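*Asks:* Got a structure for you, questions after.
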Amino acid sequence: MKPSILENKDVWAGLFLIAIGVVAVVIARNYTFGTALRMGPGFFPTVLGGFLVLSGLYILANGLRSDEKIEGSWPLRALIVLPLALVLFGVLIERAGFAPAMLVLIFGSGLAGTDSRLIELLIFSVLLTALCAIVFVWALGLPYPLIAGF
Amino acid sequence: MDLFNNLIFGFSVALSLQNLLYCLIGVSVGTLIGVLPGIGPLGTIAILMPITYSVSPVGALIMLAGIYYGAQYGGSTTAILVNLPGETSAVVTCIDGYQMARQGRAGPALAIAAIGSFIAGTFGTLLIAVAGPPLADVALKFGSPEYFSLMLMGLVAAAVLAEGDIVKSLAMVAFGLLLGIVGTDVNTGTQRYSFGVSELTDGIGFIVVAVGVFAIGEIISNLGGSEEQRVFTAKVSNLMPSWDDMKRSIAPILRGTGIGCFFGVLPGTGPAIASFASYMVEKKVADDPSRFGKGAIEGVAGPESANNADAQCKFIPMLTLGLPASGVMALMLGALTIQGIQPGPQVMTTRPDLFWGLVASMWIGNAMLVILNLPMIGLWVKLLQVPYRLLFPAIMAFSAIGIYSVNNSSFEIYLTALFGIIGFVCMRLGFPLAPMLLGYVLGPMMEENLRRSMLMSGGDATVFVRQPISLAFIIATAAILVVMVLPAVRKRRGEITG
C-alpha cells in the first residue's frame, strides 16, 4: 500500500530545499553578481541557492521512488504553544517586566505537554520564576525590572 | 623540553582557583545533562554561552569544554543503570553495561567506565599537546586558497561522515552557509537577506540559531514522542571492580583509546561511531565472543574509552586550524569569536594561555569526574526522576533568559522561536542539524577566502589546484565523496549508523 504523497518524507524534504534555494536565488538577483576576478555579493548566495535547488530536486525524485513515510508524530500543540510562549515572553519582558514574562513563559510552555498537571505546573512556575529572579536579576545583576514601573 | 614547559604553563593557568571552579561547574553541569535524557551538550552549551560573556576567554572555554566531556560520563551512567543512553555516544554501553547491572555488577561497570574514560582522556590530552604545535605551524603558512580548500574539505567530510543521508547533509551545509552570510557584506556594504530589518544587519545571532535549533526544536520533537519507561535495576553497592575485571579491561581500554583518537580527528564523526567501532573490535578479538551482550566488561571498557578519546581529539582541528569538526566544536568556535578571539593557528602563539590552559584543564576535569562524580552516582540517578513535563518548561526559561541577555532584544527571541520550528521540521524530514551549524559558522570566512583567492589569482579558479597544499585538500575532498558513494561503503555505513 503506497502512502499518500502528503506523508512522503523525501517529497517534503525536497520541496523544503527547493523553496529555500529559489528564495535565495531570487533575492540574490538584486545583488551584484560580479566577475570571477571581483566576485560581487551576489555570487556566493546564488551558487548556494542553486545547489539547494539541485539537491532538492534529487531528494524529491528519490522520495517519489522510495515512498518513505515521515517518522514520528507532528505535535501540533507543542508546535504552536512553545513558539507562542516565547513570543509572549518577548513582548512581556519589554512591557511588563521580568517576573510576569517568566511566569507566562514557564506556565505557557508547560501547557505544551500532553501530561501537564495544572496545579503542579502553577507552583513550579512561581518557584522557578522566583529562583531565576534571585539568580539572574539579583545575583548576576541583569538590568531588568521585576515588574515594569517599579 | 618545550612540551614539558608548555604543559607546566598550562597547569599553572588551569589550576588557578577561578579556572578550577569553572572546570568544576562545567563537568558538574555536563554530568547533570548527560544523565537527563532530552537535553544534550549542544543545547546546554548554547543556552549557557551568554553567561560566559562576563568570564575570561580561558574560563569560558574551560567551562564549556567541561560540559561537553562531562556529558559523556553522565550519559554512560544512565546507560548502565537504566538501559537508557543519556547521550547517543552511550548507546553501545547499554548492551553490556545494563546486563552487568542486572547481574548486580553495576558498581564495577560504572567504575570501569570512569577509569577507562580517564585513561582515554589522559592520552587524548597528551595527543593534543604533542600534535597541536606542529599542526599550527603548518597552518600558519596557509594563504586564502589553502583556507578555502581546507574549509571545503572540512565541511564535505563533516556532511558525508555525519549520520543520515549524504545529499541531505550537504544541502544542510549549504543552508547553513546561506544563513551565515545574512547581514552586511564586509566587502561592499550591501545588505543581504536582511529584509530591511535593522536587527539583521549584523547577521543572525549565533546563539539564536544554536538555541533555537538544538534546544527549542529538540523539545518540540521530544513532545511528539512517547514517554519512555524507566526501569531502575539495582542499587549501586560495591563500586570496586575485581582484579579479574581490571585485567580484562586494560587492553580494551587502550584499544578503545586508539580507536577514539583516530575517529576524533576526522570531521563529522560523532563519539557514537567511535564507540560502535570499539565494540566491534572487542567482539572480534575476544576469545569467547558469545559473552558479549550478556554483561562482558570489555564491552563497557572499550567503547567508553573510545567515546571519551574521540571527544578530546575533536579539539585538535578546532584549536590548531580553526576548523570545527562537530556541532559542539562549532559552538566552541562561536564562543571564541564572541570573546573577540579570531580562531585559527595563530591562537596558539598569541594566546598560549588559552591553548595550554584548556589542554591542562581537560585532564584536571577528567580527574574531577572520577574523584567527585563516581561517589555521587546515587545523587545523579535520583535526578532522573525529575519528570520531563517540568524539565522542558525550565529549559525554555533558561533559553529565553540566555538569548535576551545578549542584546536585550525581543526580536532575537522571536527569531529563536522561528528557528525552533525550522529545527523541528528539519528533524522530522530527516535533515541532520550539526552540518547546518558548521556551515553557518564557516560561511562568512569561506566566502571571504574564496573572494580573496580569486582576487589574488587574477580571477583564475585553477589557483585552488595549483598550490600543492590546496590541491591536496581538494583531492582529499573528492576522494571522500567518491568513496562514500561506492555501494559497499554505503552499506557498511548503514550498519554502523543505522
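In the C-alpha cells, each chain is lettered A, B, ... as it comes, each chain's residues begin at 1, and ligands are numbered from 1 in order of appearance.
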Tell me the residues of chain A close to chain B, meaning within 6 Å using only C-alpha atoms, as a PyMOL selection string.
*Replies:* chain A and resi 9+13+36-37+48+52+73+75+78+83+87+90+106+109-110
*Asks:* Can I get the selection written as an mmCIF file, in the first residue's frame, with C-alpha atoms?
*Replies:*
data_model
loop_
_atom_site.group_PDB
_atom_site.id
_atom_site.type_symbol
_atom_site.label_atom_id
_atom_site.label_comp_id
_atom_site.auth_asym_id
_atom_site.auth_seq_id
_atom_site.Cartn_x
_atom_site.Cartn_y
_atom_site.Cartn_z
ATOM 1 C CA LYS A 9 9.159 12.325 3.799
ATOM 2 C CA ALA A 13 12.270 17.409 2.216
ATOM 3 C CA ALA A 36 35.440 35.786 -11.377
ATOM 4 C CA LEU A 37 38.109 38.362 -10.549
ATOM 5 C CA LEU A 48 24.490 28.092 -2.771
ATOM 6 C CA LEU A 52 19.981 23.776 -2.779
ATOM 7 C CA SER A 73 4.113 12.376 15.000
ATOM 8 C CA PRO A 75 2.904 17.533 17.927
ATOM 9 C CA ALA A 78 3.749 21.936 21.044
ATOM 10 C CA PRO A 83 6.844 29.451 19.934
ATOM 11 C CA VAL A 87 6.797 35.448 21.665
ATOM 12 C CA GLY A 90 9.485 38.789 24.273
ATOM 13 C CA ILE A 106 7.124 28.760 32.095
ATOM 14 C CA SER A 109 5.294 26.216 27.747
ATOM 15 C CA GLY A 110 4.222 23.678 30.353
#
*Asks:* Which residues, written as an MDAnalysis selection string, have at least one atom at most 12 Å from Ile123 (chain A), with only C-alpha atoms counted and residues fewer than 3 positions away on the same chain left out?
*Replies:* (chainID A and resid 103 106:107 110 117:120 126:130) or (chainID B and resid 390)
*Asks:* Deliver the residues from the most recent selection as a file, using N, CA and C atoms, as a PDB file, in the first residue's frame.
*Replies:*
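Written out: selection-v5.pdb:
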ATOM      1  N   LEU A 103       6.815  34.062  34.316  1.00  0.00           N
ATOM      2  CA  LEU A 103       5.650  33.266  34.729  1.00  0.00           C
ATOM      3  C   LEU A 103       4.888  32.766  33.513  1.00  0.00           C
ATOM      4  N   ILE A 106       7.009  30.092  31.496  1.00  0.00           N
ATOM      5  CA  ILE A 106       7.124  28.760  32.095  1.00  0.00           C
ATOM      6  C   ILE A 106       5.761  28.063  32.120  1.00  0.00           C
ATOM      7  N   PHE A 107       4.740  28.785  32.608  1.00  0.00           N
ATOM      8  CA  PHE A 107       3.410  28.180  32.674  1.00  0.00           C
ATOM      9  C   PHE A 107       2.909  27.855  31.269  1.00  0.00           C
ATOM     10  N   GLY A 110       4.642  24.906  29.691  1.00  0.00           N
ATOM     11  CA  GLY A 110       4.222  23.678  30.353  1.00  0.00           C
ATOM     12  C   GLY A 110       2.941  23.113  29.760  1.00  0.00           C
ATOM     13  N   ARG A 117       0.037  18.883  34.538  1.00  0.00           N
ATOM     14  CA  ARG A 117      -0.882  18.952  35.685  1.00  0.00           C
ATOM     15  C   ARG A 117      -0.914  20.398  36.140  1.00  0.00           C
ATOM     16  N   LEU A 118      -2.085  21.006  36.092  1.00  0.00           N
ATOM     17  CA  LEU A 118      -2.183  22.453  36.236  1.00  0.00           C
ATOM     18  C   LEU A 118      -1.644  22.978  37.563  1.00  0.00           C
ATOM     19  N   ILE A 119      -2.077  22.384  38.674  1.00  0.00           N
ATOM     20  CA  ILE A 119      -1.674  22.895  39.990  1.00  0.00           C
ATOM     21  C   ILE A 119      -0.157  22.791  40.135  1.00  0.00           C
ATOM     22  N   GLU A 120       0.363  21.587  39.814  1.00  0.00           N
ATOM     23  CA  GLU A 120       1.798  21.348  39.918  1.00  0.00           C
ATOM     24  C   GLU A 120       2.562  22.354  39.067  1.00  0.00           C
ATOM     25  N   VAL A 126       5.843  29.474  39.659  1.00  0.00           N
ATOM     26  CA  VAL A 126       6.116  30.522  40.650  1.00  0.00           C
ATOM     27  C   VAL A 126       7.496  30.313  41.268  1.00  0.00           C
ATOM     28  N   LEU A 127       7.794  29.059  41.647  1.00  0.00           N
ATOM     29  CA  LEU A 127       9.079  28.772  42.286  1.00  0.00           C
ATOM     30  C   LEU A 127      10.238  29.073  41.345  1.00  0.00           C
ATOM     31  N   LEU A 128      10.124  28.618  40.092  1.00  0.00           N
ATOM     32  CA  LEU A 128      11.228  28.798  39.150  1.00  0.00           C
ATOM     33  C   LEU A 128      11.414  30.278  38.807  1.00  0.00           C
ATOM     34  N   THR A 129      10.300  31.021  38.710  1.00  0.00           N
ATOM     35  CA  THR A 129      10.411  32.455  38.455  1.00  0.00           C
ATOM     36  C   THR A 129      11.156  33.133  39.591  1.00  0.00           C
ATOM     37  N   ALA A 130      10.805  32.756  40.823  1.00  0.00           N
ATOM     38  CA  ALA A 130      11.485  33.332  41.983  1.00  0.00           C
ATOM     39  C   ALA A 130      12.968  32.991  41.945  1.00  0.00           C
TER      40      ALA A 130
ATOM     41  N   LEU B 390       8.193  18.851  33.709  1.00  0.00           N
ATOM     42  CA  LEU B 390       8.700  20.031  34.412  1.00  0.00           C
ATOM     43  C   LEU B 390      10.047  20.466  33.863  1.00  0.00           C
TER      44      LEU B 390
END
*Asks:* As an mmCIF file with N, CA and C atoms, in the first residue's frame, please: all residues of chain A that backbone DSSP puts in alpha helix (DSSP H).
*Replies:*
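What landed in states_12.cif:
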data_model
loop_
_atom_site.group_PDB
_atom_site.id
_atom_site.type_symbol
_atom_site.label_atom_id
_atom_site.label_comp_id
_atom_site.auth_asym_id
_atom_site.auth_seq_id
_atom_site.Cartn_x
_atom_site.Cartn_y
_atom_site.Cartn_z
ATOM 1 N N LYS A 9 8.130 11.531 3.140
ATOM 2 C CA LYS A 9 9.159 12.325 3.799
ATOM 3 C C LYS A 9 10.033 13.089 2.800
ATOM 4 N N ASP A 10 10.569 12.355 1.814
ATOM 5 C CA ASP A 10 11.556 12.990 0.949
ATOM 6 C C ASP A 10 10.926 13.948 -0.056
ATOM 7 N N VAL A 11 9.646 13.754 -0.367
ATOM 8 C CA VAL A 11 8.979 14.735 -1.224
ATOM 9 C C VAL A 11 8.947 16.087 -0.512
ATOM 10 N N TRP A 12 8.560 16.043 0.760
ATOM 11 C CA TRP A 12 8.532 17.283 1.544
ATOM 12 C C TRP A 12 9.927 17.847 1.726
ATOM 13 N N ALA A 13 10.894 16.951 2.016
ATOM 14 C CA ALA A 13 12.270 17.409 2.216
ATOM 15 C C ALA A 13 12.778 18.114 0.964
ATOM 16 N N GLY A 14 12.501 17.519 -0.201
ATOM 17 C CA GLY A 14 12.934 18.116 -1.458
ATOM 18 C C GLY A 14 12.292 19.477 -1.680
ATOM 19 N N LEU A 15 10.967 19.541 -1.454
ATOM 20 C CA LEU A 15 10.258 20.813 -1.643
ATOM 21 C C LEU A 15 10.807 21.886 -0.704
ATOM 22 N N PHE A 16 11.134 21.476 0.528
ATOM 23 C CA PHE A 16 11.686 22.389 1.527
ATOM 24 C C PHE A 16 12.973 23.035 0.995
ATOM 25 N N LEU A 17 13.878 22.190 0.463
ATOM 26 C CA LEU A 17 15.147 22.709 -0.048
ATOM 27 C C LEU A 17 14.935 23.581 -1.277
ATOM 28 N N ILE A 18 14.050 23.126 -2.185
ATOM 29 C CA ILE A 18 13.807 23.904 -3.405
ATOM 30 C C ILE A 18 13.278 25.286 -3.037
ATOM 31 N N ALA A 19 12.357 25.319 -2.062
ATOM 32 C CA ALA A 19 11.790 26.609 -1.664
ATOM 33 C C ALA A 19 12.886 27.545 -1.149
ATOM 34 N N ILE A 20 13.744 27.040 -0.250
ATOM 35 C CA ILE A 20 14.822 27.891 0.277
ATOM 36 C C ILE A 20 15.730 28.347 -0.865
ATOM 37 N N GLY A 21 16.096 27.394 -1.727
ATOM 38 C CA GLY A 21 17.011 27.710 -2.825
ATOM 39 C C GLY A 21 16.443 28.776 -3.749
ATOM 40 N N VAL A 22 15.169 28.616 -4.131
ATOM 41 C CA VAL A 22 14.557 29.573 -5.058
ATOM 42 C C VAL A 22 14.511 30.958 -4.425
ATOM 43 N N VAL A 23 14.068 31.023 -3.166
ATOM 44 C CA VAL A 23 14.010 32.321 -2.482
ATOM 45 C C VAL A 23 15.394 32.949 -2.453
ATOM 46 N N ALA A 24 16.417 32.127 -2.108
ATOM 47 C CA ALA A 24 17.782 32.656 -2.012
ATOM 48 C C ALA A 24 18.242 33.223 -3.349
ATOM 49 N N VAL A 25 18.016 32.475 -4.426
ATOM 50 C CA VAL A 25 18.492 32.920 -5.738
ATOM 51 C C VAL A 25 17.737 34.165 -6.194
ATOM 52 N N VAL A 26 16.405 34.162 -6.003
ATOM 53 C CA VAL A 26 15.606 35.302 -6.469
ATOM 54 C C VAL A 26 16.032 36.580 -5.761
ATOM 55 N N ILE A 27 16.211 36.487 -4.429
ATOM 56 C CA ILE A 27 16.632 37.685 -3.703
ATOM 57 C C ILE A 27 18.037 38.097 -4.120
ATOM 58 N N ALA A 28 18.913 37.106 -4.338
ATOM 59 C CA ALA A 28 20.302 37.410 -4.679
ATOM 60 C C ALA A 28 20.428 38.105 -6.030
ATOM 61 N N PHE A 43 27.426 36.539 -5.756
ATOM 62 C CA PHE A 43 27.985 35.305 -6.292
ATOM 63 C C PHE A 43 27.744 34.095 -5.383
ATOM 64 N N PHE A 44 28.232 34.214 -4.145
ATOM 65 C CA PHE A 44 28.171 33.087 -3.211
ATOM 66 C C PHE A 44 26.727 32.628 -2.957
ATOM 67 N N PRO A 45 25.805 33.564 -2.635
ATOM 68 C CA PRO A 45 24.415 33.138 -2.396
ATOM 69 C C PRO A 45 23.771 32.482 -3.611
ATOM 70 N N THR A 46 24.096 32.977 -4.807
ATOM 71 C CA THR A 46 23.475 32.382 -6.000
ATOM 72 C C THR A 46 23.941 30.942 -6.182
ATOM 73 N N VAL A 47 25.253 30.726 -5.991
ATOM 74 C CA VAL A 47 25.777 29.365 -6.121
ATOM 75 C C VAL A 47 25.141 28.443 -5.083
ATOM 76 N N LEU A 48 25.070 28.915 -3.838
ATOM 77 C CA LEU A 48 24.490 28.092 -2.771
ATOM 78 C C LEU A 48 23.023 27.802 -3.042
ATOM 79 N N GLY A 49 22.274 28.841 -3.449
ATOM 80 C CA GLY A 49 20.862 28.659 -3.746
ATOM 81 C C GLY A 49 20.670 27.646 -4.860
ATOM 82 N N GLY A 50 21.503 27.765 -5.890
ATOM 83 C CA GLY A 50 21.423 26.816 -6.997
ATOM 84 C C GLY A 50 21.685 25.395 -6.531
ATOM 85 N N PHE A 51 22.683 25.230 -5.646
ATOM 86 C CA PHE A 51 22.989 23.904 -5.120
ATOM 87 C C PHE A 51 21.806 23.345 -4.330
ATOM 88 N N LEU A 52 21.134 24.226 -3.565
ATOM 89 C CA LEU A 52 19.981 23.776 -2.779
ATOM 90 C C LEU A 52 18.859 23.296 -3.691
ATOM 91 N N VAL A 53 18.618 24.035 -4.781
ATOM 92 C CA VAL A 53 17.557 23.640 -5.706
ATOM 93 C C VAL A 53 17.881 22.276 -6.315
ATOM 94 N N LEU A 54 19.146 22.102 -6.748
ATOM 95 C CA LEU A 54 19.532 20.833 -7.372
ATOM 96 C C LEU A 54 19.396 19.663 -6.397
ATOM 97 N N SER A 55 19.927 19.844 -5.183
ATOM 98 C CA SER A 55 19.827 18.721 -4.241
ATOM 99 C C SER A 55 18.375 18.484 -3.852
ATOM 100 N N GLY A 56 17.572 19.569 -3.809
ATOM 101 C CA GLY A 56 16.151 19.408 -3.530
ATOM 102 C C GLY A 56 15.464 18.555 -4.585
ATOM 103 N N LEU A 57 15.800 18.819 -5.846
ATOM 104 C CA LEU A 57 15.206 18.045 -6.942
ATOM 105 C C LEU A 57 15.589 16.569 -6.826
ATOM 106 N N TYR A 58 16.873 16.322 -6.479
ATOM 107 C CA TYR A 58 17.352 14.952 -6.357
ATOM 108 C C TYR A 58 16.595 14.214 -5.255
ATOM 109 N N ILE A 59 16.448 14.894 -4.104
ATOM 110 C CA ILE A 59 15.769 14.250 -2.972
ATOM 111 C C ILE A 59 14.291 14.037 -3.276
ATOM 112 N N LEU A 60 13.703 15.012 -3.970
ATOM 113 C CA LEU A 60 12.289 14.885 -4.366
ATOM 114 C C LEU A 60 12.083 13.652 -5.245
ATOM 115 N N ALA A 61 12.967 13.513 -6.250
ATOM 116 C CA ALA A 61 12.865 12.360 -7.149
ATOM 117 C C ALA A 61 13.051 11.065 -6.373
ATOM 118 N N ASN A 62 14.011 11.076 -5.466
ATOM 119 C CA ASN A 62 14.264 9.922 -4.607
ATOM 120 C C ASN A 62 13.019 9.540 -3.818
ATOM 121 N N GLY A 63 12.345 10.565 -3.299
ATOM 122 C CA GLY A 63 11.162 10.346 -2.478
ATOM 123 C C GLY A 63 10.035 9.708 -3.270
ATOM 124 N N LEU A 64 9.867 10.161 -4.527
ATOM 125 C CA LEU A 64 8.796 9.605 -5.352
ATOM 126 C C LEU A 64 9.044 8.122 -5.620
ATOM 127 N N ARG A 65 10.353 7.742 -5.608
ATOM 128 C CA ARG A 65 10.689 6.353 -5.898
ATOM 129 C C ARG A 65 10.572 5.487 -4.647
ATOM 130 N N SER A 66 11.073 6.018 -3.516
ATOM 131 C CA SER A 66 11.181 5.141 -2.337
ATOM 132 C C SER A 66 9.938 5.160 -1.450
ATOM 133 N N LEU A 76 1.222 19.063 17.076
ATOM 134 C CA LEU A 76 0.701 20.377 16.675
ATOM 135 C C LEU A 76 0.638 21.331 17.857
ATOM 136 N N ARG A 77 0.197 20.759 19.008
ATOM 137 C CA ARG A 77 0.041 21.590 20.194
ATOM 138 C C ARG A 77 1.379 22.234 20.585
ATOM 139 N N ALA A 78 2.439 21.404 20.672
ATOM 140 C CA ALA A 78 3.749 21.936 21.044
ATOM 141 C C ALA A 78 4.258 22.907 19.993
ATOM 142 N N LEU A 79 3.975 22.586 18.744
ATOM 143 C CA LEU A 79 4.467 23.394 17.633
ATOM 144 C C LEU A 79 3.869 24.801 17.655
ATOM 145 N N ILE A 80 2.680 24.932 18.215
ATOM 146 C CA ILE A 80 2.049 26.253 18.317
ATOM 147 C C ILE A 80 2.346 26.893 19.669
ATOM 148 N N VAL A 81 2.187 26.111 20.746
ATOM 149 C CA VAL A 81 2.262 26.680 22.094
ATOM 150 C C VAL A 81 3.670 27.166 22.442
ATOM 151 N N LEU A 82 4.713 26.371 22.124
ATOM 152 C CA LEU A 82 6.065 26.749 22.536
ATOM 153 C C LEU A 82 6.551 28.043 21.871
ATOM 154 N N PRO A 83 6.448 28.171 20.537
ATOM 155 C CA PRO A 83 6.844 29.451 19.934
ATOM 156 C C PRO A 83 6.006 30.613 20.456
ATOM 157 N N LEU A 84 4.710 30.353 20.681
ATOM 158 C CA LEU A 84 3.827 31.409 21.188
ATOM 159 C C LEU A 84 4.273 31.872 22.575
ATOM 160 N N ALA A 85 4.658 30.902 23.424
ATOM 161 C CA ALA A 85 5.121 31.251 24.771
ATOM 162 C C ALA A 85 6.369 32.130 24.689
ATOM 163 N N LEU A 86 7.266 31.806 23.749
ATOM 164 C CA LEU A 86 8.477 32.616 23.579
ATOM 165 C C LEU A 86 8.132 34.024 23.125
ATOM 166 N N VAL A 87 7.191 34.131 22.166
ATOM 167 C CA VAL A 87 6.797 35.448 21.665
ATOM 168 C C VAL A 87 6.193 36.273 22.796
ATOM 169 N N LEU A 88 5.333 35.637 23.609
ATOM 170 C CA LEU A 88 4.734 36.354 24.740
ATOM 171 C C LEU A 88 5.814 36.837 25.700
ATOM 172 N N PHE A 89 6.826 35.985 25.927
ATOM 173 C CA PHE A 89 7.942 36.394 26.784
ATOM 174 C C PHE A 89 8.602 37.653 26.225
ATOM 175 N N GLY A 90 8.839 37.642 24.904
ATOM 176 C CA GLY A 90 9.485 38.789 24.273
ATOM 177 C C GLY A 90 8.678 40.062 24.423
ATOM 178 N N VAL A 91 7.369 39.940 24.289
ATOM 179 C CA VAL A 91 6.507 41.120 24.409
ATOM 180 C C VAL A 91 6.467 41.591 25.866
ATOM 181 N N LEU A 92 6.277 40.622 26.776
ATOM 182 C CA LEU A 92 6.060 40.979 28.180
ATOM 183 C C LEU A 92 7.307 41.535 28.857
ATOM 184 N N ILE A 93 8.495 40.993 28.495
ATOM 185 C CA ILE A 93 9.681 41.444 29.233
ATOM 186 C C ILE A 93 9.972 42.909 28.941
ATOM 187 N N GLU A 94 9.524 43.403 27.783
ATOM 188 C CA GLU A 94 9.738 44.822 27.497
ATOM 189 C C GLU A 94 8.654 45.696 28.107
ATOM 190 N N ARG A 95 7.459 45.144 28.247
ATOM 191 C CA ARG A 95 6.351 45.991 28.688
ATOM 192 C C ARG A 95 5.927 45.751 30.116
ATOM 193 N N PHE A 98 10.291 41.421 34.218
ATOM 194 C CA PHE A 98 10.890 40.098 34.226
ATOM 195 C C PHE A 98 9.942 39.037 34.803
ATOM 196 N N ALA A 99 9.342 39.348 35.949
ATOM 197 C CA ALA A 99 8.538 38.335 36.637
ATOM 198 C C ALA A 99 7.324 37.888 35.818
ATOM 199 N N PRO A 100 6.490 38.823 35.334
ATOM 200 C CA PRO A 100 5.347 38.363 34.536
ATOM 201 C C PRO A 100 5.775 37.611 33.285
ATOM 202 N N ALA A 101 6.854 38.073 32.645
ATOM 203 C CA ALA A 101 7.308 37.409 31.426
ATOM 204 C C ALA A 101 7.713 35.964 31.703
ATOM 205 N N MET A 102 8.470 35.764 32.801
ATOM 206 C CA MET A 102 8.913 34.415 33.139
ATOM 207 C C MET A 102 7.734 33.522 33.500
ATOM 208 N N LEU A 103 6.815 34.062 34.316
ATOM 209 C CA LEU A 103 5.650 33.266 34.729
ATOM 210 C C LEU A 103 4.888 32.766 33.513
ATOM 211 N N VAL A 104 4.629 33.684 32.590
ATOM 212 C CA VAL A 104 3.849 33.320 31.409
ATOM 213 C C VAL A 104 4.614 32.309 30.556
ATOM 214 N N LEU A 105 5.929 32.529 30.433
ATOM 215 C CA LEU A 105 6.720 31.618 29.612
ATOM 216 C C LEU A 105 6.729 30.209 30.199
ATOM 217 N N ILE A 106 7.009 30.092 31.496
ATOM 218 C CA ILE A 106 7.124 28.760 32.095
ATOM 219 C C ILE A 106 5.761 28.063 32.120
ATOM 220 N N PHE A 107 4.740 28.785 32.608
ATOM 221 C CA PHE A 107 3.410 28.180 32.674
ATOM 222 C C PHE A 107 2.909 27.855 31.269
ATOM 223 N N GLY A 108 3.094 28.811 30.369
ATOM 224 C CA GLY A 108 2.623 28.624 28.996
ATOM 225 C C GLY A 108 3.292 27.443 28.327
ATOM 226 N N SER A 109 4.649 27.338 28.428
ATOM 227 C CA SER A 109 5.294 26.216 27.747
ATOM 228 C C SER A 109 4.878 24.894 28.365
ATOM 229 N N GLY A 110 4.642 24.906 29.691
ATOM 230 C CA GLY A 110 4.222 23.678 30.353
ATOM 231 C C GLY A 110 2.941 23.113 29.760
ATOM 232 N N LEU A 118 -2.085 21.006 36.092
ATOM 233 C CA LEU A 118 -2.183 22.453 36.236
ATOM 234 C C LEU A 118 -1.644 22.978 37.563
ATOM 235 N N ILE A 119 -2.077 22.384 38.674
ATOM 236 C CA ILE A 119 -1.674 22.895 39.990
ATOM 237 C C ILE A 119 -0.157 22.791 40.135
ATOM 238 N N GLU A 120 0.363 21.587 39.814
ATOM 239 C CA GLU A 120 1.798 21.348 39.918
ATOM 240 C C GLU A 120 2.562 22.354 39.067
ATOM 241 N N LEU A 121 2.080 22.567 37.851
ATOM 242 C CA LEU A 121 2.754 23.467 36.918
ATOM 243 C C LEU A 121 2.741 24.897 37.446
ATOM 244 N N LEU A 122 1.620 25.289 38.044
ATOM 245 C CA LEU A 122 1.494 26.649 38.557
ATOM 246 C C LEU A 122 2.500 26.882 39.684
ATOM 247 N N ILE A 123 2.557 25.932 40.628
ATOM 248 C CA ILE A 123 3.505 26.060 41.741
ATOM 249 C C ILE A 123 4.926 26.101 41.204
ATOM 250 N N PHE A 124 5.212 25.199 40.256
ATOM 251 C CA PHE A 124 6.556 25.125 39.672
ATOM 252 C C PHE A 124 6.922 26.442 38.994
ATOM 253 N N SER A 125 5.965 27.045 38.259
ATOM 254 C CA SER A 125 6.238 28.307 37.571
ATOM 255 C C SER A 125 6.607 29.403 38.558
ATOM 256 N N VAL A 126 5.843 29.474 39.659
ATOM 257 C CA VAL A 126 6.116 30.522 40.650
ATOM 258 C C VAL A 126 7.496 30.313 41.268
ATOM 259 N N LEU A 127 7.794 29.059 41.647
ATOM 260 C CA LEU A 127 9.079 28.772 42.286
ATOM 261 C C LEU A 127 10.238 29.073 41.345
ATOM 262 N N LEU A 128 10.124 28.618 40.092
ATOM 263 C CA LEU A 128 11.228 28.798 39.150
ATOM 264 C C LEU A 128 11.414 30.278 38.807
ATOM 265 N N THR A 129 10.300 31.021 38.710
ATOM 266 C CA THR A 129 10.411 32.455 38.455
ATOM 267 C C THR A 129 11.156 33.133 39.591
ATOM 268 N N ALA A 130 10.805 32.756 40.823
ATOM 269 C CA ALA A 130 11.485 33.332 41.983
ATOM 270 C C ALA A 130 12.968 32.991 41.945
ATOM 271 N N LEU A 131 13.279 31.732 41.644
ATOM 272 C CA LEU A 131 14.674 31.297 41.595
ATOM 273 C C LEU A 131 15.448 32.074 40.532
ATOM 274 N N CYS A 132 14.839 32.211 39.346
ATOM 275 C CA CYS A 132 15.513 32.930 38.264
ATOM 276 C C CYS A 132 15.698 34.393 38.624
#
